[in-house]
file model-v6.txt (compact mmCIF, C-alpha atoms)
# COMPACT_ATOMS: atom_id res chain seq x y z
CA MET A 1 2.07 -2.92 10.16
CA ASP A 2 1.59 -0.24 12.81
CA SER A 3 -1.52 1.88 13.20
CA VAL A 4 -1.15 5.64 12.76
CA CYS A 5 -2.23 5.79 16.42
CA GLU A 6 0.40 3.88 18.34
CA GLU A 7 -2.04 2.95 21.12
CA CYS A 8 -4.22 1.12 18.55
CA THR A 9 -1.51 -1.04 17.01
CA ASP A 10 -2.24 -3.94 19.32
CA ALA A 11 -6.00 -3.90 18.56
CA LYS A 12 -5.24 -3.49 14.87
CA ARG A 13 -2.96 -6.51 14.74
CA LYS A 14 -5.49 -8.70 16.53
CA TYR A 15 -8.09 -7.65 13.98
CA ASP A 16 -5.67 -8.09 11.06
CA SER A 17 -4.86 -11.66 12.00
CA CYS A 18 -8.58 -12.49 12.30
CA PHE A 19 -9.25 -10.90 8.92
CA ASN A 20 -6.31 -12.54 7.13
CA LYS A 21 -7.36 -15.93 8.42
CA TRP A 22 -10.97 -15.31 7.38
CA PHE A 23 -9.92 -14.00 3.98
CA SER A 24 -7.68 -16.94 3.05
CA GLU A 25 -9.71 -19.74 4.65
CA ARG A 26 -13.30 -18.53 4.33
CA PHE A 27 -13.79 -15.75 1.78
CA LEU A 28 -11.65 -17.34 -0.93
CA ASN A 29 -13.68 -20.51 -0.46
CA GLY A 30 -16.95 -18.72 -1.06
CA HIS A 31 -18.03 -17.98 2.53
CA THR A 32 -19.39 -14.55 3.39
CA ASP A 33 -19.29 -14.67 7.20
CA LEU A 34 -17.12 -11.55 7.64
CA GLN A 35 -18.99 -10.89 10.90
CA GLN A 36 -16.71 -13.33 12.73
CA CYS A 37 -14.16 -10.51 13.04
CA ASP A 38 -16.76 -7.84 13.94
CA GLU A 39 -15.91 -7.60 17.62
CA LEU A 40 -12.18 -7.15 17.02
CA PHE A 41 -12.97 -4.62 14.28
CA LYS A 42 -15.22 -2.63 16.63
CA THR A 43 -12.57 -2.46 19.36
CA TYR A 44 -9.95 -1.39 16.81
CA GLN A 45 -12.22 1.25 15.21
CA GLU A 46 -13.20 2.76 18.57
CA CYS A 47 -9.52 3.18 19.42
CA LEU A 48 -8.67 4.56 15.97
CA LYS A 49 -11.53 7.09 15.84
CA LYS A 50 -10.64 8.45 19.26
CA GLY A 51 -6.94 8.48 18.41
CA LEU A 52 -7.45 10.41 15.16
CA VAL A 53 -9.53 13.04 16.99
CA ASP A 54 -7.01 13.29 19.86
CA LYS A 55 -4.13 13.66 17.42
CA LYS A 56 -6.10 16.32 15.52
CA ILE A 57 -5.24 14.64 12.25
CA ASP A 58 -7.01 16.41 9.41
CA LEU A 59 -8.33 13.68 7.18
CA GLY A 60 -9.99 16.02 4.71
CA ASP A 61 -12.28 14.06 2.45
CA MET A 62 -11.21 10.59 3.56
CA ASN A 63 -14.81 9.41 3.85
CA ARG A 64 -15.62 10.23 0.25
CA THR A 65 -15.87 7.14 -1.97
CA VAL A 66 -14.30 7.57 -5.38
CA LEU A 67 -14.09 4.06 -6.81
CA GLY A 68 -17.15 3.47 -8.95
CA SER A 69 -18.43 7.03 -8.47
CA GLU A 70 -18.51 10.01 -10.83
CA GLU A 71 -15.47 11.47 -9.08
CA ASP A 72 -13.30 8.67 -10.42
CA LYS A 73 -10.80 10.57 -12.59
CA LEU A 74 -9.27 7.56 -14.23
CA GLY A 75 -11.92 5.35 -15.83
CA GLU A 76 -10.99 1.83 -16.79
CA PRO A 77 -7.21 1.30 -16.97
CA LYS A 78 -6.08 0.69 -20.53
CA ARG A 79 -4.52 -2.70 -21.20
CA PRO A 80 -1.43 -2.43 -23.36
CA GLU A 81 -1.79 -4.62 -26.47
CA LYS A 82 1.59 -6.19 -25.80
CA LEU A 83 0.14 -7.81 -22.69
CA GLY A 84 -1.62 -10.29 -24.96
CA MET B 1 13.30 -17.96 -12.75
CA THR B 2 12.48 -14.29 -12.82
CA LYS B 3 9.76 -13.50 -10.32
CA GLY B 4 7.56 -10.97 -12.02
CA TRP B 5 8.46 -8.64 -14.83
CA PHE B 6 7.38 -5.65 -16.76
CA PHE B 7 6.79 -5.56 -20.46
CA GLY B 8 7.94 -3.39 -23.30
CA GLY B 9 10.79 -1.09 -24.12
CA GLY B 10 11.78 1.32 -21.36
CA LYS B 11 15.44 2.32 -21.31
CA GLU B 12 16.35 1.43 -17.74
CA ASP B 13 14.36 -1.74 -17.76
CA SER B 14 14.16 -3.40 -21.13
CA SER B 15 10.84 -5.01 -20.24
CA THR B 16 8.62 -2.12 -19.15
CA VAL B 17 5.45 -1.15 -20.92
CA THR B 18 4.74 2.41 -20.06
CA SER B 19 2.92 5.20 -21.75
CA HIS B 20 2.89 8.89 -21.08
CA GLU B 21 0.33 11.55 -21.87
CA SER B 22 0.25 15.23 -21.07
CA HIS B 23 -3.09 16.95 -20.66
CA ALA B 24 -4.16 20.42 -19.71
CA ALA B 25 -5.17 18.81 -16.43
CA GLY B 26 -1.97 17.05 -15.47
CA LYS B 27 0.02 14.07 -16.63
CA VAL B 28 -1.15 10.51 -17.06
CA HIS B 29 1.11 7.49 -16.75
CA SER B 30 0.12 3.91 -17.51
CA SER B 31 2.01 0.69 -16.99
CA ALA B 32 1.40 -3.04 -16.73
CA ALA B 33 2.94 -6.10 -15.16
CA ILE B 34 2.36 -9.82 -14.96
CA PHE B 35 2.82 -11.71 -11.71
CA PRO B 36 3.73 -15.42 -11.84
CA TYR B 37 1.18 -16.06 -9.07
CA THR B 38 -2.49 -17.03 -9.10
CA TRP B 39 -5.17 -14.38 -8.43
CA ASP B 40 -5.98 -15.76 -4.96
CA GLN B 41 -2.30 -15.66 -3.97
CA ILE B 42 -2.13 -12.03 -5.12
CA PHE B 43 -5.22 -11.10 -3.07
CA VAL B 44 -3.94 -12.83 0.10
CA ALA B 45 -0.56 -11.09 -0.22
CA PHE B 46 -2.17 -7.71 -0.98
CA TRP B 47 -3.24 -7.37 2.68
CA LEU B 48 0.21 -8.40 3.88
CA ARG B 49 2.27 -6.13 1.65
CA TYR B 50 3.66 -3.92 4.42
CA PRO B 51 6.19 -3.87 5.90
CA ASN B 52 8.71 -5.16 3.39
CA PRO B 53 12.34 -4.24 2.65
CA TYR B 54 11.22 -1.69 0.03
CA SER B 55 8.53 0.04 2.10
CA HIS B 56 10.53 2.19 4.52
CA HIS B 57 8.52 5.19 3.31
CA VAL B 58 5.27 3.60 4.54
CA LEU B 59 4.82 4.64 8.16
CA SER B 60 1.40 3.30 9.08
CA GLU B 61 -1.57 1.42 7.69
CA ASP B 62 -5.13 1.32 9.02
CA VAL B 63 -8.40 -0.19 7.87
CA VAL B 64 -11.11 2.48 8.23
CA GLU B 65 -14.00 0.73 6.45
CA ARG B 66 -14.74 -2.81 5.36
CA HIS B 67 -17.92 -4.53 4.20
CA LEU B 68 -19.35 -7.05 1.77
CA THR B 69 -21.77 -5.76 -0.85
CA THR B 70 -25.06 -7.56 -1.54
CA ASP B 71 -23.34 -9.32 -4.45
CA ASN B 72 -20.46 -10.36 -2.17
CA LYS B 73 -17.74 -8.02 -3.31
CA LEU B 74 -15.30 -7.14 -0.54
CA VAL B 75 -14.98 -3.37 -0.20
CA THR B 76 -12.17 -1.92 1.94
CA LYS B 77 -10.87 1.54 2.65
CA ARG B 78 -7.41 1.89 4.16
CA LEU B 79 -5.57 4.92 5.45
CA LEU B 80 -1.82 4.92 4.90
CA SER B 81 0.75 7.45 6.00
CA LYS B 82 3.97 7.85 4.05
CA THR B 83 7.01 10.04 4.22
CA SER B 84 6.97 12.73 1.59
CA ARG B 85 9.92 14.60 0.19
CA ILE B 86 9.83 17.47 -2.23
CA PRO B 87 12.85 18.67 -4.22
CA HIS B 88 14.97 21.51 -2.83
CA TRP B 89 14.03 23.88 -5.64
CA ALA B 90 10.35 23.46 -4.81
CA GLU B 91 10.84 24.13 -1.11
CA ARG B 92 11.31 27.78 -1.98
CA PHE B 93 7.74 27.99 -3.24
CA VAL B 94 5.74 25.49 -1.29
CA GLN B 95 6.06 24.14 2.19
CA GLY B 96 6.12 20.37 1.91
CA PRO B 97 4.90 18.23 4.77
CA ALA B 98 7.13 15.53 6.26
CA MET B 99 4.30 13.06 5.95
CA VAL B 100 1.32 12.62 3.69
CA PHE B 101 -1.88 10.62 4.16
CA VAL B 102 -3.09 8.38 1.38
CA VAL B 103 -6.51 6.70 1.06
CA GLU B 104 -6.70 3.36 -0.72
CA GLU B 105 -10.11 2.04 -1.76
CA SER B 106 -10.32 -1.52 -3.02
CA VAL B 107 -12.99 -3.86 -4.35
CA ILE B 108 -12.36 -7.59 -4.67
CA ASP B 109 -14.76 -9.52 -6.89
CA LEU B 110 -14.35 -13.29 -6.74
CA ALA B 111 -16.87 -13.77 -9.56
CA THR B 112 -14.49 -12.07 -12.01
CA ARG B 113 -11.30 -12.97 -10.08
CA SER B 114 -10.36 -9.31 -10.10
CA MET B 115 -9.45 -6.51 -7.76
CA MET B 116 -9.64 -2.79 -8.45
CA THR B 117 -7.90 -0.25 -6.23
CA TYR B 118 -8.03 3.55 -6.22
CA THR B 119 -5.45 5.52 -4.28
CA ARG B 120 -5.39 9.28 -3.70
CA ASN B 121 -3.59 11.69 -1.40
CA LEU B 122 -5.38 13.63 1.34
CA GLY B 123 -4.30 17.15 2.04
CA TYR B 124 -1.35 18.84 0.31
CA LYS B 125 -3.70 18.84 -2.67
CA LYS B 126 -3.14 22.39 -3.90
CA VAL B 127 0.47 21.48 -4.52
CA MET B 128 -0.07 18.11 -6.15
CA THR B 129 -2.67 15.36 -6.43
CA VAL B 130 -1.75 11.81 -7.31
CA ASP B 131 -4.64 9.51 -8.25
CA GLU B 132 -3.82 5.93 -9.13
CA LYS B 133 -5.97 3.03 -10.21
CA CYS B 134 -4.74 -0.57 -10.25
CA TRP B 135 -6.59 -3.43 -11.82
CA TYR B 136 -5.51 -6.96 -10.95
CA ARG B 137 -7.04 -9.81 -12.94
CA SER B 138 -6.51 -13.50 -13.40
CA ARG B 139 -5.20 -14.09 -16.91
CA LEU B 140 -7.48 -16.00 -19.23
CA GLN B 141 -4.52 -17.31 -21.22
CA ASP B 142 -2.78 -18.69 -18.15
CA ALA B 143 -4.63 -18.88 -14.84
CA SER B 144 -1.35 -19.45 -12.97
CA THR B 145 -0.54 -15.78 -13.62
CA THR B 146 -2.22 -12.48 -12.75
CA GLU B 147 -1.96 -9.22 -14.65
CA LEU B 148 -1.86 -5.72 -13.25
CA VAL B 149 -2.70 -2.62 -15.25
CA ARG B 150 -2.08 0.76 -13.61
CA THR B 151 -3.05 4.28 -14.55
CA ALA B 152 -2.10 7.36 -12.61
CA ARG B 153 -2.92 11.03 -13.03
CA ILE B 154 -0.74 13.69 -11.49
CA GLU B 155 -1.96 17.27 -11.28
CA SER B 156 -0.64 20.47 -9.81
CA HIS B 157 -2.28 23.86 -9.58
CA VAL B 158 0.60 25.90 -8.21
CA PHE B 159 0.55 29.04 -10.35
CA GLY B 160 3.58 29.16 -12.64
CA PHE B 161 5.07 25.92 -11.32
CA ALA B 162 2.43 23.34 -12.18
CA LYS B 163 4.53 21.86 -15.00
CA PRO B 164 7.82 21.26 -13.17
CA ILE B 165 5.91 19.97 -10.14
CA GLN B 166 3.98 17.52 -12.34
CA THR B 167 7.19 16.36 -14.01
CA PHE B 168 8.78 15.81 -10.61
CA GLY B 169 5.59 14.04 -9.49
CA ILE B 170 5.62 11.66 -12.46
CA GLU B 171 9.29 10.77 -11.94
CA ARG B 172 8.72 10.14 -8.25
CA TYR B 173 5.61 8.12 -9.03
CA LYS B 174 7.57 5.89 -11.42
CA ARG B 175 10.29 5.30 -8.81
CA ASN B 176 7.69 4.52 -6.16
CA THR B 177 5.87 2.13 -8.50
CA GLY B 178 9.10 0.19 -8.94
CA ARG B 179 9.59 -0.01 -5.18
CA THR B 180 5.98 -1.01 -4.57
CA HIS B 181 6.31 -3.77 -7.16
CA SER B 182 9.59 -5.09 -5.71
CA GLY B 183 8.06 -5.06 -2.23
CA PHE B 184 4.96 -6.94 -3.36
CA LEU B 185 7.09 -9.57 -5.12
CA HIS B 186 9.20 -9.93 -1.98
CA VAL B 187 6.12 -10.67 0.15
CA LEU B 188 4.71 -13.03 -2.50
CA ALA B 189 7.97 -14.99 -2.66
CA ASP B 190 7.95 -15.22 1.15
CA LEU B 191 4.36 -16.49 1.28
CA PHE B 192 4.33 -18.69 -1.79
CA PRO B 193 7.77 -20.12 -2.48
CA SER B 194 7.85 -22.62 -5.30
CA ALA B 195 8.35 -26.22 -4.21
CA GLU B 196 11.89 -26.33 -5.59
CA GLU B 197 12.80 -23.11 -3.78
CA ASN B 198 11.70 -24.15 -0.36
CA GLN B 199 10.01 -27.48 -0.09
CA GLU B 200 9.48 -27.24 3.65
CA ILE B 201 7.67 -23.88 3.58
CA ALA B 202 5.68 -24.67 0.43
CA GLN B 203 4.10 -27.63 2.18
CA GLU B 204 3.07 -25.72 5.31
CA PRO B 205 -0.54 -24.59 5.64
CA LEU B 206 -1.12 -21.02 4.45
CA ALA B 207 -2.28 -19.79 7.88
CA LYS B 208 1.08 -20.83 9.33
CA ARG B 209 2.96 -19.04 6.58
CA ILE B 210 0.91 -15.87 7.14
CA ALA B 211 1.68 -16.00 10.88
CA ALA B 212 5.39 -16.55 10.16
CA LEU B 213 5.39 -13.54 7.82
CA GLY B 214 3.87 -11.46 10.63
CA GLU B 215 6.54 -12.60 13.07
CA ARG B 216 9.33 -11.74 10.66
CA ALA B 217 7.73 -8.32 10.12
CA ASP B 218 7.66 -7.83 13.90
CA ALA B 219 11.37 -8.58 14.05
CA VAL B 220 12.06 -6.03 11.29
CA ARG B 221 9.93 -3.44 13.05
CA GLU B 222 11.59 -4.09 16.39
CA ALA B 223 15.03 -3.67 14.80
CA ALA B 224 13.91 -0.39 13.20
CA ARG B 225 12.55 0.85 16.54
CA ARG B 226 15.83 0.02 18.28
CA ALA B 227 17.79 1.77 15.51
CA ARG B 228 15.62 4.89 15.95
CA GLU B 229 16.22 4.85 19.68
CA MET B 230 19.96 4.44 19.23
CA ALA B 231 19.87 7.38 16.82
CA LYS B 232 18.04 9.45 19.44
CA ILE B 233 20.61 8.60 22.11
CA LYS B 234 23.46 9.44 19.75
CA THR B 235 21.81 12.74 18.79
CA SER B 236 21.27 13.66 22.40
CA ASP B 237 24.90 12.73 23.18
CA PHE B 238 25.95 15.03 20.44
CA LEU B 239 23.74 17.86 21.65
CA HIS B 240 24.69 17.41 25.29
CA THR B 241 28.28 16.35 25.12
CA SER B 242 28.63 16.51 28.90
CA ARG B 243 25.96 13.82 29.31
CA THR B 244 26.34 10.22 28.35
CA PRO B 245 23.65 7.57 28.51
CA SER B 246 25.42 5.92 31.48
CA SER B 247 25.57 9.13 33.53
CA ASP B 248 21.98 9.91 32.67
CA ASN B 249 20.36 7.03 34.51
CA SER B 250 18.85 9.23 37.19
CA SER B 251 16.66 11.13 34.76
CA ALA B 252 15.58 8.05 32.77
call {"tool": "encode", "arguments": {"input": "model-v6.txt", "output": "structure tokens"}}
result
Amino acid sequence: MDSVCEECTDAKRKYDSCFNKWFSERFLNGHTDLQQCDELFKTYQECLKKGLVDKKIDLGDMNRTVLGSEEDKLGEPKRPEKLG
Amino acid sequence: MTKGWFFGGGKEDSSTVTSHESHAAGKVHSSAAIFPYTWDQIFVAFWLRYPNPYSHHVLSEDVVERHLTTDNKLVTKRLLSKTSRIPHWAERFVQGPAMVFVVEESVIDLATRSMMTYTRNLGYKKVMTVDEKCWYRSRLQDASTTELVRTARIESHVFGFAKPIQTFGIERYKRNTGRTHSGFLHVLADLFPSAEENQEIAQEPLAKRIAALGERADAVREAARRAREMAKIKTSDFLHTSRTPSSDNSSA
């Protein structure tokens, strides 16, 4: 999938393929060495941060973390009884 | 075999479990589904969901944060951009953007074989906010399947029009949920075909299947890009009838 900043799509895809490989082959087998994709992530993030500033994209409160915080409006999703 | 289904008694789809609540602060919609795939297959495919034939409204996808917690949960924040349409009647009151940004937070916990996601829109918030939580879990009764329970809250604070906007928002949300589900199932079927469906692919290593999925996605994207360019040429032909692409080489 493309990056919102066209010029970063290449860096993003390199990082994505590193991550997907790590996720399926390492993480799911109990390894926690996420750092093996760090360099590709850094290159991608540098491009993205610059691109978002250059494009003057207003990201509002993107950096806020909602999941697991008090701002979570939804609580625990209710399981329908029919699901068994 | 049916790949994935909803439960319950909706009219359009006889197997949908949905529930509806209206509150002073917006509308809440809940639904559930069971995937005939294991939890680890669901998590692998989650990162590879876009593009798919049902995701033409998703324009871009970026990872903006990712880390492991001290207890080894994988935390990710993604930024998505999607096309956004509002109904004609609403255009008279609010100016809708052509595109809306969405933030998706997710936490994957291998210890409980579960994933929780929280999605919310950025900007455009005075008109409508859509908050959605999805909870994917391996099923105790049958570990070869994974259940998904979703809850969404839609709110609007446009004076005098909050109600119709919320109703529109809920209907659109339900349509989009259907498309998202179909798209996810499409990617899952591509990545994890059953042995009888495609013996050759089912025996390939997963990494190879992931790469092949990426290549097919590239082909789809390339076709879409070419179609957009053709559309541009046609539009410019129409606007400048005296110029054709062949007589326009000098300025290219």
call {"tool": "residues_around", "arguments": {"input": "model-v6.txt", "residues": "Lys133 (chain B)", "least_positions_apart": "3", "cutoff": "10 Å", "atoms": "all atoms listed in the file", "output": "PyMOL selection string"}}
result
(chain A and resi 67+72-77) or (chain B and resi 30+104-106+116-120+149-153)
call {"tool": "interface_residues", "arguments": {"input": "model-v6.txt", "of": "chain A", "to": "chain B", "cutoff": "9 Å", "atoms": "only C-alpha atoms", "output": "ChimeraX atom specification"}}
result
/A:1-5,12,16-17,20-21,23-25,27-28,30,32,34,45,48-49,58-63,65-67,72-80,82-84
call {"tool": "axis_aligned_box", "arguments": {"input": "model-v6.txt", "around": "region 53-64 of chain A", "padding_each_side": "4 Å", "output": "JSON"}}
result
{"center_x": -9.9, "center_y": 12.9, "center_z": 10.1, "size_x": 19.5, "size_y": 15.0, "size_z": 27.6}
call {"tool": "atom_distance", "arguments": {"input": "model-v6.txt", "atom1": "CA of Ser194 (chain B)", "atom2": "CA of Asp142 (chain B)"}}
result
17.1 Å
call {"tool": "atom_distance", "arguments": {"input": "model-v6.txt", "atom1": "CA of Asn176 (chain B)", "atom2": "CA of Arg137 (chain B)"}}
result
21.6 Å
call {"tool": "build_atoms", "arguments": {"input": "model-v6.txt", "residues": "region 24-35 of chain A", "atoms": "all heavy atoms", "output": "CSV table (one decimal), in the coordinates of the input"}}
result
chain,number,residue,atom,x,y,z
A,24,SER,N,-8.3,-15.8,3.8
A,24,SER,CA,-7.7,-16.9,3.0
A,24,SER,C,-8.5,-18.2,3.2
A,24,SER,O,-8.5,-19.0,2.3
A,24,SER,CB,-6.2,-17.1,3.5
A,24,SER,OG,-6.1,-17.4,4.9
A,25,GLU,N,-9.1,-18.4,4.4
A,25,GLU,CA,-9.7,-19.7,4.6
A,25,GLU,C,-11.2,-19.7,4.4
A,25,GLU,O,-11.8,-20.8,4.0
A,25,GLU,CB,-9.5,-20.2,6.1
A,25,GLU,CG,-8.0,-20.5,6.4
A,25,GLU,CD,-7.7,-20.8,7.8
A,25,GLU,OE1,-8.7,-20.9,8.6
A,25,GLU,OE2,-6.6,-21.0,8.1
A,26,ARG,N,-11.8,-18.6,4.5
A,26,ARG,CA,-13.3,-18.5,4.3
A,26,ARG,C,-13.7,-17.8,3.0
A,26,ARG,O,-14.3,-18.4,2.2
A,26,ARG,CB,-14.0,-17.8,5.5
A,26,ARG,CG,-13.7,-18.4,6.9
A,26,ARG,CD,-14.3,-19.8,7.1
A,26,ARG,NE,-15.8,-19.7,7.1
A,26,ARG,CZ,-16.6,-20.7,7.0
A,26,ARG,NH1,-16.1,-22.0,6.9
A,26,ARG,NH2,-17.9,-20.6,7.0
A,27,PHE,N,-13.3,-16.5,2.9
A,27,PHE,CA,-13.8,-15.8,1.8
A,27,PHE,C,-13.4,-16.4,0.4
A,27,PHE,O,-14.2,-16.5,-0.5
A,27,PHE,CB,-13.2,-14.3,1.9
A,27,PHE,CG,-13.7,-13.4,0.8
A,27,PHE,CD1,-15.1,-13.1,0.7
A,27,PHE,CD2,-12.9,-12.8,-0.1
A,27,PHE,CE1,-15.6,-12.2,-0.3
A,27,PHE,CE2,-13.3,-12.0,-1.1
A,27,PHE,CZ,-14.7,-11.7,-1.2
A,28,LEU,N,-12.1,-16.8,0.3
A,28,LEU,CA,-11.6,-17.3,-0.9
A,28,LEU,C,-12.3,-18.7,-1.2
A,28,LEU,O,-12.3,-19.2,-2.4
A,28,LEU,CB,-10.1,-17.5,-0.9
A,28,LEU,CG,-9.3,-16.1,-1.0
A,28,LEU,CD1,-7.8,-16.4,-1.0
A,28,LEU,CD2,-9.7,-15.3,-2.2
A,29,ASN,N,-12.9,-19.3,-0.2
A,29,ASN,CA,-13.7,-20.5,-0.5
A,29,ASN,C,-15.2,-20.3,-0.6
A,29,ASN,O,-16.0,-21.2,-0.4
A,29,ASN,CB,-13.4,-21.5,0.6
A,29,ASN,CG,-11.9,-22.0,0.6
A,29,ASN,OD1,-11.5,-22.3,-0.5
A,29,ASN,ND2,-11.2,-22.0,1.7
A,30,GLY,N,-15.6,-19.0,-0.8
A,30,GLY,CA,-17.0,-18.7,-1.1
A,30,GLY,C,-17.8,-18.4,0.1
A,30,GLY,O,-19.0,-18.2,0.0
A,31,HIS,N,-17.2,-18.3,1.4
A,31,HIS,CA,-18.0,-18.0,2.5
A,31,HIS,C,-18.1,-16.5,2.7
A,31,HIS,O,-17.1,-15.8,2.4
A,31,HIS,CB,-17.4,-18.6,3.8
A,31,HIS,CG,-17.4,-20.1,3.7
A,31,HIS,ND1,-18.5,-20.9,3.9
A,31,HIS,CD2,-16.4,-21.0,3.3
A,31,HIS,CE1,-18.1,-22.2,3.7
A,31,HIS,NE2,-16.9,-22.2,3.4
A,32,THR,N,-19.2,-16.0,3.3
A,32,THR,CA,-19.4,-14.6,3.4
A,32,THR,C,-19.6,-14.1,4.8
A,32,THR,O,-20.2,-13.1,5.1
A,32,THR,CB,-20.6,-14.1,2.5
A,32,THR,OG1,-21.7,-14.9,2.9
A,32,THR,CG2,-20.3,-14.3,1.1
A,33,ASP,N,-19.1,-14.9,5.8
A,33,ASP,CA,-19.3,-14.7,7.2
A,33,ASP,C,-18.2,-13.7,7.8
A,33,ASP,O,-17.6,-14.1,8.8
A,33,ASP,CB,-19.4,-16.0,8.0
A,33,ASP,CG,-18.2,-16.9,7.6
A,33,ASP,OD1,-17.4,-16.6,6.7
A,33,ASP,OD2,-18.1,-18.0,8.3
A,34,LEU,N,-18.1,-12.6,7.2
A,34,LEU,CA,-17.1,-11.6,7.6
A,34,LEU,C,-17.4,-11.2,9.1
A,34,LEU,O,-16.5,-10.7,9.8
A,34,LEU,CB,-17.2,-10.3,6.7
A,34,LEU,CG,-16.3,-9.1,7.0
A,34,LEU,CD1,-14.8,-9.5,7.1
A,34,LEU,CD2,-16.5,-8.0,6.0
A,35,GLN,N,-18.6,-11.3,9.5
A,35,GLN,CA,-19.0,-10.9,10.9
A,35,GLN,C,-18.2,-11.6,12.0
A,35,GLN,O,-18.1,-11.1,13.1
A,35,GLN,CB,-20.5,-11.0,11.2
A,35,GLN,CG,-21.1,-12.4,11.1
A,35,GLN,CD,-21.4,-12.8,9.7
A,35,GLN,OE1,-21.1,-12.2,8.7
A,35,GLN,NE2,-22.2,-13.9,9.5
